[in-house]
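Engineer: My structure file target-v5.txt, compact mmCIF, C-alpha atoms, is below:
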```
# COMPACT_ATOMS: atom_id res chain seq x y z
CA MET A 227 36.92 59.72 68.09
CA LEU A 228 39.41 60.15 65.29
CA ARG A 229 40.51 56.54 65.72
CA ARG A 230 36.88 55.29 65.46
CA LYS A 231 36.45 57.21 62.20
CA ALA A 232 39.61 55.69 60.84
CA VAL A 233 38.47 52.15 61.73
CA ALA A 234 35.05 52.76 60.17
CA LEU A 235 36.67 54.09 57.00
CA ALA A 236 38.99 51.09 56.87
CA VAL A 237 36.08 48.64 57.23
CA LEU A 238 34.17 50.51 54.56
CA ALA A 239 37.16 50.41 52.25
CA VAL A 240 37.54 46.65 52.78
CA LEU A 241 33.83 46.13 51.98
CA VAL A 242 34.05 48.23 48.82
CA ILE A 243 37.16 46.40 47.63
CA SER A 244 35.52 43.03 48.39
CA GLY A 245 32.49 44.12 46.45
CA PHE A 246 34.58 45.03 43.42
CA LEU A 247 36.42 41.72 43.63
CA TYR A 248 33.11 39.78 43.87
CA LEU A 249 31.43 41.70 41.04
CA PRO A 250 32.96 39.76 38.10
CA ALA A 251 32.04 36.42 39.70
CA LEU A 252 28.48 37.66 40.31
CA TYR A 253 28.24 38.83 36.71
CA ARG A 254 29.39 35.43 35.44
CA ARG A 255 26.70 33.70 37.55
CA VAL A 256 23.96 36.01 36.26
CA VAL A 257 25.04 35.42 32.67
CA GLY A 258 25.19 31.68 33.37
CA LEU A 259 21.65 31.67 34.74
CA ARG A 260 20.41 33.54 31.71
CA HIS A 261 21.79 30.82 29.44
CA MET A 262 20.60 27.81 31.44
CA PRO A 263 18.80 25.42 29.09
CA LEU A 264 15.43 25.69 30.85
CA SER A 265 12.28 25.78 28.77
CA GLY A 266 9.70 28.44 29.52
CA GLN A 267 7.51 25.76 31.05
CA GLU A 268 10.30 24.58 33.34
CA GLU A 269 11.15 28.12 34.38
CA ARG A 270 7.53 28.74 35.23
CA ARG A 271 7.35 25.56 37.24
CA ALA A 272 10.59 26.32 39.08
CA ALA A 273 9.36 29.78 39.94
CA ILE A 274 5.92 28.90 41.26
CA GLU A 275 6.28 25.31 42.36
CA PRO A 276 9.32 24.62 44.54
CA PRO A 277 9.92 20.97 45.46
CA ILE A 278 7.53 19.85 48.16
CA SER A 279 9.44 18.68 51.19
CA THR A 280 8.08 17.64 54.58
CA PRO A 281 9.75 16.38 57.78
CA THR A 282 8.21 12.94 57.28
CA ASP A 283 9.54 12.40 53.74
CA VAL A 284 10.99 8.95 53.16
CA PRO A 285 12.29 7.43 49.93
CA SER A 286 9.43 5.34 48.57
CA LYS A 287 8.57 3.37 45.49
CA ALA A 288 5.58 5.08 43.91
CA GLU A 289 3.37 3.92 41.06
CA LEU A 290 2.80 6.70 38.54
CA PHE A 291 0.50 6.19 35.56
CA TRP A 292 1.60 7.36 32.13
CA GLU A 293 0.74 6.37 28.57
CA SER A 294 1.89 2.95 27.48
CA LYS A 295 4.47 3.01 24.70
CA SER A 296 3.47 -0.44 23.48
CA ALA A 297 -0.29 0.22 23.61
CA PRO A 298 -0.86 3.91 22.79
CA GLY A 299 -4.11 5.25 24.12
CA THR A 300 -3.87 3.26 27.34
CA ILE A 301 -2.04 4.04 30.55
CA ILE A 302 0.11 1.77 32.66
CA PRO A 303 1.87 2.11 36.03
CA ALA A 304 5.58 2.88 36.21
CA GLU A 305 7.53 2.38 39.44
CA VAL A 306 9.36 5.56 40.41
CA GLU A 307 11.55 6.29 43.44
CA LEU A 308 10.24 9.41 45.19
CA LYS A 309 10.56 11.05 48.57
CA LEU A 310 7.02 10.90 49.89
CA SER A 311 5.47 12.40 52.98
CA ALA A 312 3.51 10.43 55.57
CA ASP A 313 0.90 13.18 55.45
CA PRO A 314 -1.59 12.13 52.75
CA VAL A 315 -2.24 15.67 51.51
CA GLU A 316 1.47 16.46 51.11
CA ARG A 317 2.00 13.00 49.66
CA ALA A 318 -0.69 13.66 47.05
CA LYS A 319 0.92 16.98 46.14
CA GLN A 320 4.31 15.29 45.74
CA LEU A 321 2.83 12.52 43.60
CA LEU A 322 0.91 14.85 41.31
CA ALA A 323 3.91 17.15 40.93
CA ALA A 324 5.96 14.14 39.83
CA LEU A 325 3.17 13.03 37.50
CA ILE A 326 3.11 16.44 35.82
CA ALA A 327 6.91 16.63 35.68
CA GLY A 328 6.50 13.58 33.49
CA PRO A 329 8.24 10.37 32.50
CA ALA A 330 11.72 10.15 31.02
CA ASP A 331 10.15 9.64 27.61
CA PRO A 332 7.99 12.68 26.88
CA THR A 333 5.81 10.70 24.44
CA GLU A 334 4.41 8.84 27.47
CA ARG A 335 3.30 12.08 29.11
CA THR A 336 -0.39 12.39 30.02
CA LEU A 337 -0.51 15.92 31.46
CA PRO A 338 0.76 19.23 30.03
CA PRO A 339 4.21 20.07 31.45
CA ASP A 340 3.20 23.57 32.43
CA ALA A 341 0.06 22.55 34.32
CA THR A 342 0.37 22.95 38.07
CA LEU A 343 -1.48 21.55 41.03
CA GLU A 344 -2.84 24.65 42.74
CA GLU A 345 -4.23 22.91 45.81
CA PHE A 346 -5.19 19.51 47.10
CA TYR A 347 -7.81 18.78 49.73
CA LEU A 348 -8.74 15.59 51.51
CA LEU A 349 -12.33 15.51 52.74
CA PRO A 350 -13.91 12.97 55.09
CA GLU A 351 -14.86 9.55 53.76
CA GLY A 352 -11.96 9.42 51.32
CA THR A 353 -12.88 12.26 48.98
CA ALA A 354 -9.88 13.80 47.24
CA VAL A 355 -10.16 17.21 45.60
CA ALA A 356 -7.40 18.17 43.19
CA ASP A 357 -7.39 21.75 41.95
CA PHE A 358 -5.25 22.29 38.85
CA SER A 359 -4.23 25.42 36.98
CA SER A 360 -6.05 26.26 33.75
CA GLU A 361 -3.12 24.90 31.69
CA LEU A 362 -4.42 21.42 32.43
CA SER A 363 -7.38 22.31 30.19
CA THR A 364 -5.88 24.67 27.69
CA HIS A 365 -2.61 22.86 26.94
CA LEU A 366 -3.85 19.28 26.88
CA PRO A 367 -3.81 17.72 23.39
CA SER A 368 -7.38 17.95 22.14
CA GLY A 369 -9.41 14.79 21.99
CA ILE A 370 -11.53 12.32 23.93
CA GLN A 371 -8.69 9.85 24.28
CA SER A 372 -6.11 12.31 25.60
CA GLU A 373 -8.57 13.73 28.14
CA GLU A 374 -9.56 10.27 29.35
CA MET A 375 -5.89 9.33 29.76
CA ALA A 376 -5.24 12.52 31.72
CA VAL A 377 -8.04 11.78 34.18
CA GLU A 378 -7.10 8.12 34.52
CA SER A 379 -3.46 8.95 35.15
CA ILE A 380 -4.38 11.38 37.95
CA ALA A 381 -6.94 9.05 39.49
CA GLY A 382 -4.78 5.95 39.10
CA THR A 383 -1.71 7.59 40.62
CA LEU A 384 -3.61 8.84 43.67
CA ALA A 385 -5.41 5.54 44.23
CA ALA A 386 -2.24 3.49 43.87
CA ASN A 387 -0.22 5.44 46.43
CA ILE A 388 -2.61 6.81 49.02
CA PRO A 389 -4.79 4.41 50.98
CA ASP A 390 -8.49 4.87 51.66
CA LEU A 391 -9.29 7.21 48.79
CA HIS A 392 -12.69 6.43 47.33
CA ARG A 393 -13.50 9.28 44.97
CA LEU A 394 -11.88 12.21 43.21
CA LYS A 395 -13.10 15.63 42.22
CA ILE A 396 -11.04 17.59 39.70
CA LEU A 397 -11.29 21.39 39.78
CA ILE A 398 -9.78 23.81 37.28
CA GLY A 399 -8.61 27.15 38.59
CA GLY A 400 -10.44 26.67 41.87
CA GLN A 401 -13.80 26.03 40.25
CA GLU A 402 -15.88 23.16 38.99
CA ALA A 403 -15.57 22.86 35.21
CA GLU A 404 -18.08 21.18 32.91
CA THR A 405 -15.34 19.40 31.01
CA LEU A 406 -11.61 18.92 31.16
CA ALA A 407 -10.94 20.26 27.65
CA GLY A 408 -14.30 20.00 25.93
CA HIS A 409 -14.98 16.29 26.27
CA ILE A 410 -14.63 14.51 29.62
CA ASP A 411 -17.29 15.35 32.21
CA LEU A 412 -15.79 16.97 35.33
CA THR A 413 -19.08 17.73 37.07
CA GLY A 414 -19.10 14.47 39.01
CA TYR A 415 -16.76 12.49 41.25
CA PHE A 416 -14.51 9.84 39.74
CA LEU A 417 -14.42 6.46 41.43
CA LEU A 418 -11.11 5.49 43.00
CA PRO A 419 -9.45 3.32 42.00
CA PRO A 420 -10.59 3.90 38.40
CA PRO A 421 -12.49 0.74 37.36
CA ALA A 422 -10.46 0.47 34.15
CA LEU A 423 -7.20 0.39 36.14
CA ALA A 424 -8.30 -1.63 39.14
CA ALA A 425 -6.68 -4.77 37.78
CA THR A 426 -3.36 -3.13 36.87
CA SER A 427 -2.49 -1.61 40.23
CA VAL A 428 -1.44 -3.14 43.52
CA SER A 429 -2.92 -2.05 46.85
CA PRO A 430 -1.56 1.32 47.95
CA PRO A 431 1.09 1.08 50.64
CA ALA A 432 0.28 2.80 53.90
CA PRO A 433 2.61 5.76 54.43
CA SER A 434 4.88 5.34 57.43
CA LEU A 435 6.75 7.76 59.64
CA PRO A 436 10.56 7.67 59.48
CA HIS A 437 12.27 5.84 62.33
CA MET B 229 -28.75 11.63 14.18
CA LEU B 230 -25.23 12.46 12.99
CA ASP B 231 -23.38 15.16 14.87
CA PRO B 232 -20.25 16.68 13.31
CA ALA B 233 -18.56 17.88 16.49
CA HIS B 234 -17.58 21.51 17.00
CA GLY B 235 -18.43 24.13 14.35
CA GLY B 236 -18.64 27.88 14.05
CA THR B 237 -16.64 29.66 16.73
CA ASP B 238 -15.75 26.31 18.30
CA GLU B 239 -13.12 25.07 15.87
CA GLY B 240 -12.08 21.99 17.82
CA ALA B 241 -8.56 20.68 17.48
CA HIS B 242 -6.00 22.36 15.25
CA GLY B 243 -3.39 20.20 13.58
CA SER B 244 0.25 21.01 13.14
CA GLY B 245 -0.67 21.86 9.54
CA SER B 246 -3.79 23.69 8.48
CA ILE B 247 -6.30 21.02 9.47
CA VAL B 248 -9.16 22.14 11.70
CA GLU B 249 -11.31 19.53 13.41
CA LYS B 250 -14.68 21.17 12.71
CA ASP B 251 -14.10 20.96 8.93
CA VAL B 252 -13.07 17.32 8.98
CA THR B 253 -15.97 16.19 11.17
CA LEU B 254 -18.40 17.74 8.68
CA VAL B 255 -16.80 15.91 5.75
CA LEU B 256 -16.87 12.64 7.69
CA ALA B 257 -20.52 13.12 8.69
CA GLU B 258 -21.55 13.74 5.08
CA ALA B 259 -19.74 10.60 3.95
CA ILE B 260 -21.38 8.53 6.67
CA ARG B 261 -24.78 10.03 5.88
CA ALA B 262 -24.46 9.08 2.20
CA ARG B 263 -23.42 5.55 3.13
CA VAL B 264 -26.09 4.77 5.74
CA LEU B 265 -28.89 6.21 3.57
CA ARG B 266 -28.28 3.22 1.31
CA ASP B 267 -29.33 0.95 4.16
CA GLY B 268 -32.69 2.65 4.49
CA TRP B 269 -31.98 4.85 7.49
CA GLN B 270 -33.51 8.25 7.89
CA VAL B 271 -30.57 10.53 8.66
CA LEU B 272 -30.55 13.95 10.28
CA MET B 273 -27.51 16.08 11.00
CA THR B 274 -27.11 18.56 13.83
CA ARG B 275 -25.32 20.90 11.45
CA GLN B 276 -24.71 20.96 7.73
CA GLY B 277 -22.64 24.11 7.69
CA ASP B 278 -20.24 25.99 9.91
CA ASP B 279 -22.73 26.56 12.74
CA THR B 280 -22.01 27.15 16.41
CA LEU B 281 -24.06 24.75 18.51
CA SER B 282 -23.95 24.06 22.23
CA PHE B 283 -24.04 20.56 23.64
CA ALA B 284 -27.55 21.28 24.92
CA GLN B 285 -28.76 22.33 21.47
CA ARG B 286 -27.36 19.16 19.94
CA ALA B 287 -28.98 17.06 22.67
CA ALA B 288 -32.30 18.83 22.20
CA MET B 289 -32.23 18.05 18.47
CA ALA B 290 -31.46 14.41 19.16
CA ASN B 291 -34.02 14.03 21.93
CA ALA B 292 -36.76 15.50 19.73
CA GLN B 293 -36.53 12.42 17.49
CA ALA B 294 -38.32 9.25 18.51
CA HIS B 295 -36.38 5.97 18.26
CA ALA B 296 -33.21 7.71 17.13
CA ILE B 297 -29.56 6.74 17.49
CA PHE B 298 -27.04 9.51 18.16
CA LEU B 299 -23.52 9.44 16.77
CA THR B 300 -21.10 12.31 17.27
CA LEU B 301 -17.90 12.52 15.21
CA HIS B 302 -14.60 13.85 16.51
CA VAL B 303 -10.99 14.02 15.38
CA GLY B 304 -8.34 13.56 18.05
CA SER B 305 -4.85 14.98 18.16
CA SER B 306 -2.77 12.39 19.93
CA GLY B 307 -3.75 8.86 18.86
CA ALA B 308 -2.05 6.63 16.28
CA ALA B 309 -2.66 8.02 12.80
CA GLY B 310 -5.36 6.27 10.82
CA THR B 311 -7.03 4.59 13.77
CA ALA B 312 -10.43 5.30 15.27
CA TYR B 313 -12.34 4.33 18.32
CA ALA B 314 -15.88 4.39 19.59
CA CYS B 315 -16.76 5.69 23.02
CA TYR B 316 -19.90 5.43 25.15
CA TYR B 317 -20.77 7.23 28.39
CA ASP B 318 -19.60 4.97 31.18
CA PHE B 319 -21.53 5.94 34.31
CA GLY B 320 -19.60 3.24 36.18
CA GLN B 321 -16.54 5.52 36.31
CA LEU B 322 -18.36 8.00 38.52
CA ALA B 323 -18.82 7.66 42.26
CA GLU B 324 -22.36 8.93 42.08
CA ALA B 325 -24.77 10.41 39.61
CA THR B 326 -27.63 12.84 39.88
CA PRO B 327 -30.53 10.87 41.34
CA PRO B 328 -33.57 10.39 39.10
CA VAL B 329 -36.07 13.22 39.35
CA ALA B 330 -39.28 12.24 41.12
CA GLY B 331 -42.61 12.17 39.35
CA GLY B 332 -41.48 10.33 36.26
CA LEU B 333 -39.43 13.23 34.95
CA LEU B 334 -36.06 12.55 33.43
CA SER B 335 -32.93 14.28 34.71
CA TRP B 336 -31.32 16.14 31.81
CA GLU B 337 -27.84 15.45 33.22
CA THR B 338 -28.36 11.70 33.32
CA ALA B 339 -30.78 11.11 30.45
CA GLN B 340 -28.23 8.75 28.93
CA ARG B 341 -28.08 6.47 31.97
CA PRO B 342 -30.91 4.05 31.01
CA TRP B 343 -29.45 3.80 27.51
CA GLU B 344 -25.94 2.93 28.64
CA PRO B 345 -26.21 -0.84 27.90
CA TYR B 346 -27.44 -0.12 24.37
CA SER B 347 -24.82 2.55 23.79
CA ARG B 348 -22.13 0.15 24.99
CA ARG B 349 -23.36 -2.56 22.65
CA LEU B 350 -23.44 -0.14 19.72
CA ALA B 351 -19.91 1.04 20.58
CA GLN B 352 -18.75 -2.59 20.67
CA LEU B 353 -20.23 -3.27 17.25
CA VAL B 354 -18.73 -0.11 15.75
CA GLN B 355 -15.34 -0.79 17.33
CA GLY B 356 -15.32 -4.35 16.01
CA GLU B 357 -15.84 -3.02 12.48
CA LEU B 358 -13.27 -0.27 12.95
CA ALA B 359 -10.67 -2.80 14.05
CA THR B 360 -11.00 -4.64 10.75
CA ARG B 361 -11.20 -1.60 8.46
CA LEU B 362 -8.77 0.80 10.11
CA PRO B 363 -5.71 -1.30 11.10
CA GLY B 364 -4.29 -0.51 14.49
CA SER B 365 -7.64 0.40 15.98
CA SER B 366 -8.48 -1.28 19.25
CA GLU B 367 -10.91 -4.17 19.29
CA GLN B 368 -12.62 -2.84 22.41
CA PRO B 369 -14.53 0.44 22.65
CA ALA B 370 -13.74 3.04 25.27
CA GLY B 371 -16.05 3.88 28.13
CA ALA B 372 -15.67 7.39 29.43
CA PRO B 373 -17.82 10.04 31.09
CA LEU B 374 -18.22 12.04 27.92
CA TYR B 375 -20.05 15.24 28.81
CA GLN B 376 -21.76 15.64 25.46
CA LEU B 377 -23.46 12.24 25.65
CA ARG B 378 -24.92 12.46 29.14
CA ALA B 379 -28.06 14.35 28.09
CA ILE B 380 -28.87 12.19 25.06
CA ASP B 381 -32.07 10.22 25.63
CA GLU B 382 -31.32 7.41 23.19
CA PRO B 383 -28.40 5.10 22.32
CA ALA B 384 -25.45 7.44 21.80
CA ILE B 385 -21.78 7.06 21.01
CA ALA B 386 -18.83 9.19 19.94
CA VAL B 387 -16.39 8.10 17.26
CA GLU B 388 -12.97 9.73 17.25
CA LEU B 389 -10.70 9.48 14.23
CA GLU B 390 -6.95 9.99 14.68
CA ASN B 391 -5.50 12.38 14.10
CA VAL B 392 -5.64 16.06 13.27
CA ASN B 393 -1.86 16.27 12.85
CA ALA B 394 -2.02 14.43 9.53
CA ALA B 395 0.05 15.91 6.71
CA ASP B 396 -3.03 17.23 4.95
CA GLU B 397 -6.81 17.02 5.16
CA GLY B 398 -6.89 14.53 2.32
CA ALA B 399 -5.09 11.98 4.48
CA LEU B 400 -7.99 12.16 6.93
CA THR B 401 -10.88 12.39 4.51
CA ALA B 402 -9.47 9.33 2.71
CA LEU B 403 -10.50 7.46 5.84
CA ALA B 404 -14.11 8.56 5.47
CA ALA B 405 -15.07 5.58 3.30
CA PRO B 406 -13.80 2.83 5.65
CA LEU B 407 -15.17 4.78 8.62
CA ALA B 408 -18.57 5.10 6.98
CA GLY B 409 -18.54 1.42 6.04
CA ALA B 410 -17.72 0.39 9.60
CA ILE B 411 -20.50 2.50 11.05
CA ALA B 412 -23.03 1.38 8.46
CA HIS B 413 -22.36 -2.31 9.11
CA ALA B 414 -22.48 -1.84 12.86
CA LEU B 415 -25.76 0.08 12.67
CA VAL B 416 -27.40 -2.69 10.69
CA ALA B 417 -26.24 -5.28 13.23
CA PHE B 418 -27.39 -3.09 16.08
CA ARG B 419 -30.80 -2.38 14.58
CA ALA B 420 -31.87 -6.00 14.64
CA SER B 421 -31.43 -6.56 18.37
CA TYR B 422 -32.31 -3.02 19.42
CA ALA B 423 -35.62 -2.96 17.57
CA ALA B 424 -36.61 -6.32 18.99
CA GLU B 425 -35.88 -5.29 22.59
CA VAL B 426 -37.05 -1.71 22.72
CA HIS B 427 -39.80 -1.17 20.18
```
Could you render the structure from this file as structure tokens?

Structural biologist:
Amino acid sequence: MLRRKAVALAVLAVLVISGFLYLPALYRRVVGLRHMPLSGQEERRAAIEPPISTPTDVPSKAELFWESKSAPGTIIPAEVELKLSADPVERAKQLLAALIAGPADPTERTLPPDATLEEFYLLPEGTAVADFSSELSTHLPSGIQSEEMAVESIAGTLAANIPDLHRLKILIGGQEAETLAGHIDLTGYFLLPPPALAATSVSPPAPSLPH
Amino acid sequence: MLDPAHGGTDEGAHGSGSIVEKDVTLVLAEAIRARVLRDGWQVLMTRQGDDTLSFAQRAAMANAQAHAIFLTLHVGSSGAAGTAYACYYDFGQLAEATPPVAGGLLSWETAQRPWEPYSRRLAQLVQGELATRLPGSSEQPAGAPLYQLRAIDEPAIAVELENVNAADEGALTALAAPLAGAIAHALVAFRASYAAEVH
């Protein structure tokens, strides 16, 4: 009995000493995290939107639509290497997360960096429903042109990378909104691919399962 | 019918300085009104002060006028400074629209639909003038499902001037004269064909 108590005390002592030895390193990591150069928007995204990963992810070349640098006010496709799921719903979430995360050049951005995709649904007959957080409305630069580019970039990106999508409904905060940010009508369904972009995009590749 | 967008509690876009969209749209509308009166138009404005008006109230004012043309004025916050563009409601971007109401009634939500070809032509004419008077402006108008225009039962376009982040309001209001000139010329060109076809 006495021997068991001695062993337990020894183990406890080892744990306490280990804890004291680890404490400075833990403190340095906490301080380091506090000083990481993350913006508030990035911190928010990291906290609520972890990277979407599925068992069927394969590296793919995706077409994401952002604002053209040479022709401001219009959007053009950019080829981006992404890990994309074979499941169209997960694939759409991955694509829209990458679209929001934005291009290397922030002036080509079409969506607010702190907007998030809350949910994505795929209904029969190729109807996509994308439900975004309210930041998509409240933090979008005001104006007809910026709202139209936002919608076209979402619609164009989905149509270019997911086959058999025919129309898109955009929800804000889980509900139908009259407008995106005061201008563009969100009460209807947008045609996919967007007629204005139909000529700029190639046919969407069919997702494939990894071998 | 000239519509200075926003107003009252709806201030519209705020610039990086002190510029507020609702103030600029009113100045632009007054300049355009003064210019097109010279061409013999009868001009009404949805607001002449800092009034709060819903889209439906603006549409009701426009739809109460026979043979009117509706033009709403906006100031954007992201386009190239000193440019402007005209926009019409493009029903072709939507997968479906509210079906016409039976019995000869007009659906409020899609009152603009039969006018889309005229609105597009007017937007083309305005954009052509804007391209020559405000360098850097596109030569083609934009088509977009613009919520405000869908209930307007007459040719209707929006014109957006860029942008609200100008250094001061004077930099934007200095564009009122070329903007007014572009719209006035386009309206005269539009009137000839429109009157012959519709009235």

Engineer: I need the residue nearest Ala312 of chain B from this list: A:Thr282, A:Ser379, A:Gln371, A:Thr413. Use all atoms listed in the file for the distance.

Structural biologist: A:Gln371

Engineer: Kindly determine which residues of chain B lie within 9 Å of chain A, considering all atoms listed in the file, and give the answer as number ranges by chain.

Structural biologist: B: 240-242, 302-308, 313, 315, 320-326, 370-376, 378, 386, 388

Engineer: Just the number, please: distance in Å from atom CA of Ala257 of chain B to atom CA of Ala420 of chain B, one decimal.

Structural biologist: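 Calculated distance between atom CA of Ala257 of chain B and atom CA of Ala420 of chain B is 23.0 Å.
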
Engineer: Enter the distance from atom CA of Gln368 of chain B to atom CA of Ala386 of chain A, in Å, rounded to one decimal.

Structural biologist: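 Taking atom CA of Gln368 of chain B as the start and atom CA of Ala386 of chain A as the end point, the length is 24.7 Å.
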
Engineer: Grab the atom CA of Lys250 of chain B to atom CA of Gln285 of chain B distance for me, in Å with one decimal place.

Structural biologist: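 Taking atom CA of Lys250 of chain B as the start and atom CA of Gln285 of chain B as the end point, the length is 16.6 Å.
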
Engineer: May I ask which of the residues A:Leu349, A:Val315, A:Ala407, A:Ala288 is the closest one to Thr383 of chain A, counting only C-alpha atoms?

Structural biologist: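 Closest residue, counting only C-alpha atoms: A:Ala288.
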
Engineer: Pick from A:Glu345, A:Pro329, A:Val284, A:Glu361: nearest to Pro303 of chain A, with all atoms listed in the file counted?

Structural biologist: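 Selected residue with least distance to Pro303 of chain A: A:Pro329.
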
Engineer: Using 8 Å of padding on each side, determine the axis-aligned box around all atoms of segment 288-295 of chain B present in the file and give its centre and edge lengths in Å to one decimal, as JSON.

Structural biologist:
```
{"center_x": -34.9, "center_y": 12.4, "center_z": 19.8, "size_x": 22.9, "size_y": 28.9, "size_z": 20.7}
```

Engineer: Might you pull out every residue within 9 Å of Met229 of chain B, with all atoms listed in the file counted and same-chain residues fewer than 2 positions away left off, and present them as a list in words?

Structural biologist: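 Skipping anything fewer than 2 positions along the chain leaves Asp231, Gln270, Val271, Leu272, Met273, Thr274, Met289, Ala290, Gln293, Ala296, Ile297, Phe298, Leu299 and Thr300 of chain B.
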
Engineer: Leaving out Arg266 of chain B and any residue of its chain fewer than 6 positions from it, which residues lie within 12 Å of it when counting only C-alpha atoms, given as a compact mmCIF listing (two decimals) with C-alpha atoms, keeping the file's coordinate frame?

Structural biologist:
```txt
# COMPACT_ATOMS: atom_id res chain seq x y z
CA ALA B 259 -19.74 10.60 3.95
CA ILE B 260 -21.38 8.53 6.67
CA ALA B 408 -18.57 5.10 6.98
CA GLY B 409 -18.54 1.42 6.04
CA ALA B 412 -23.03 1.38 8.46
CA HIS B 413 -22.36 -2.31 9.11
CA VAL B 416 -27.40 -2.69 10.69
```

Engineer: Counting all atoms listed in the file, which residue out of B:Glu357, B:Asp396, B:Asp267, B:Glu239 sits closest to Thr253 of chain B?

Structural biologist: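 Between B:Glu357, B:Asp396, B:Asp267, B:Glu239, the residue approaching Thr253 of chain B most closely is B:Glu239.
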
Engineer: Starting from the incomplete input, reconstruct N, CA and C atoms of segment 280-295 of chain A and report them as a PDB file, keeping the file's coordinate frame.

Structural biologist:
```pdb
ATOM      1  N   THR A 280       8.666  17.641  53.233  1.00  0.00           N
ATOM      2  CA  THR A 280       8.080  17.640  54.580  1.00  0.00           C
ATOM      3  C   THR A 280       9.003  16.858  55.512  1.00  0.00           C
ATOM      4  N   PRO A 281       8.864  17.073  56.822  1.00  0.00           N
ATOM      5  CA  PRO A 281       9.750  16.380  57.780  1.00  0.00           C
ATOM      6  C   PRO A 281       9.590  14.865  57.750  1.00  0.00           C
ATOM      7  N   THR A 282       8.444  14.392  57.257  1.00  0.00           N
ATOM      8  CA  THR A 282       8.210  12.940  57.280  1.00  0.00           C
ATOM      9  C   THR A 282       8.532  12.273  55.946  1.00  0.00           C
ATOM     10  N   ASP A 283       9.212  12.998  55.046  1.00  0.00           N
ATOM     11  CA  ASP A 283       9.540  12.400  53.740  1.00  0.00           C
ATOM     12  C   ASP A 283      10.454  11.186  53.911  1.00  0.00           C
ATOM     13  N   VAL A 284      10.106  10.125  53.209  1.00  0.00           N
ATOM     14  CA  VAL A 284      10.990   8.950  53.160  1.00  0.00           C
ATOM     15  C   VAL A 284      11.056   8.474  51.707  1.00  0.00           C
ATOM     16  N   PRO A 285      12.221   7.980  51.294  1.00  0.00           N
ATOM     17  CA  PRO A 285      12.290   7.430  49.930  1.00  0.00           C
ATOM     18  C   PRO A 285      11.294   6.275  49.786  1.00  0.00           C
ATOM     19  N   SER A 286      10.483   6.348  48.755  1.00  0.00           N
ATOM     20  CA  SER A 286       9.430   5.340  48.570  1.00  0.00           C
ATOM     21  C   SER A 286       9.350   4.962  47.096  1.00  0.00           C
ATOM     22  N   LYS A 287       8.836   3.775  46.865  1.00  0.00           N
ATOM     23  CA  LYS A 287       8.570   3.370  45.490  1.00  0.00           C
ATOM     24  C   LYS A 287       7.121   3.715  45.182  1.00  0.00           C
ATOM     25  N   ALA A 288       6.930   4.644  44.258  1.00  0.00           N
ATOM     26  CA  ALA A 288       5.580   5.080  43.910  1.00  0.00           C
ATOM     27  C   ALA A 288       5.200   4.534  42.549  1.00  0.00           C
ATOM     28  N   GLU A 289       3.883   4.330  42.369  1.00  0.00           N
ATOM     29  CA  GLU A 289       3.370   3.920  41.060  1.00  0.00           C
ATOM     30  C   GLU A 289       2.745   5.132  40.392  1.00  0.00           C
ATOM     31  N   LEU A 290       3.351   5.579  39.298  1.00  0.00           N
ATOM     32  CA  LEU A 290       2.800   6.700  38.540  1.00  0.00           C
ATOM     33  C   LEU A 290       2.280   6.171  37.207  1.00  0.00           C
ATOM     34  N   PHE A 291       1.136   6.688  36.794  1.00  0.00           N
ATOM     35  CA  PHE A 291       0.500   6.190  35.560  1.00  0.00           C
ATOM     36  C   PHE A 291       0.734   7.145  34.402  1.00  0.00           C
ATOM     37  N   TRP A 292       1.390   6.619  33.366  1.00  0.00           N
ATOM     38  CA  TRP A 292       1.600   7.360  32.130  1.00  0.00           C
ATOM     39  C   TRP A 292       1.157   6.511  30.944  1.00  0.00           C
ATOM     40  N   GLU A 293       1.206   7.101  29.763  1.00  0.00           N
ATOM     41  CA  GLU A 293       0.740   6.370  28.570  1.00  0.00           C
ATOM     42  C   GLU A 293       1.700   5.228  28.243  1.00  0.00           C
ATOM     43  N   SER A 294       1.095   4.121  27.870  1.00  0.00           N
ATOM     44  CA  SER A 294       1.890   2.950  27.480  1.00  0.00           C
ATOM     45  C   SER A 294       2.520   3.196  26.110  1.00  0.00           C
ATOM     46  N   LYS A 295       3.795   2.860  26.001  1.00  0.00           N
ATOM     47  CA  LYS A 295       4.470   3.010  24.700  1.00  0.00           C
ATOM     48  C   LYS A 295       4.047   1.884  23.758  1.00  0.00           C
TER      49      LYS A 295
END
```
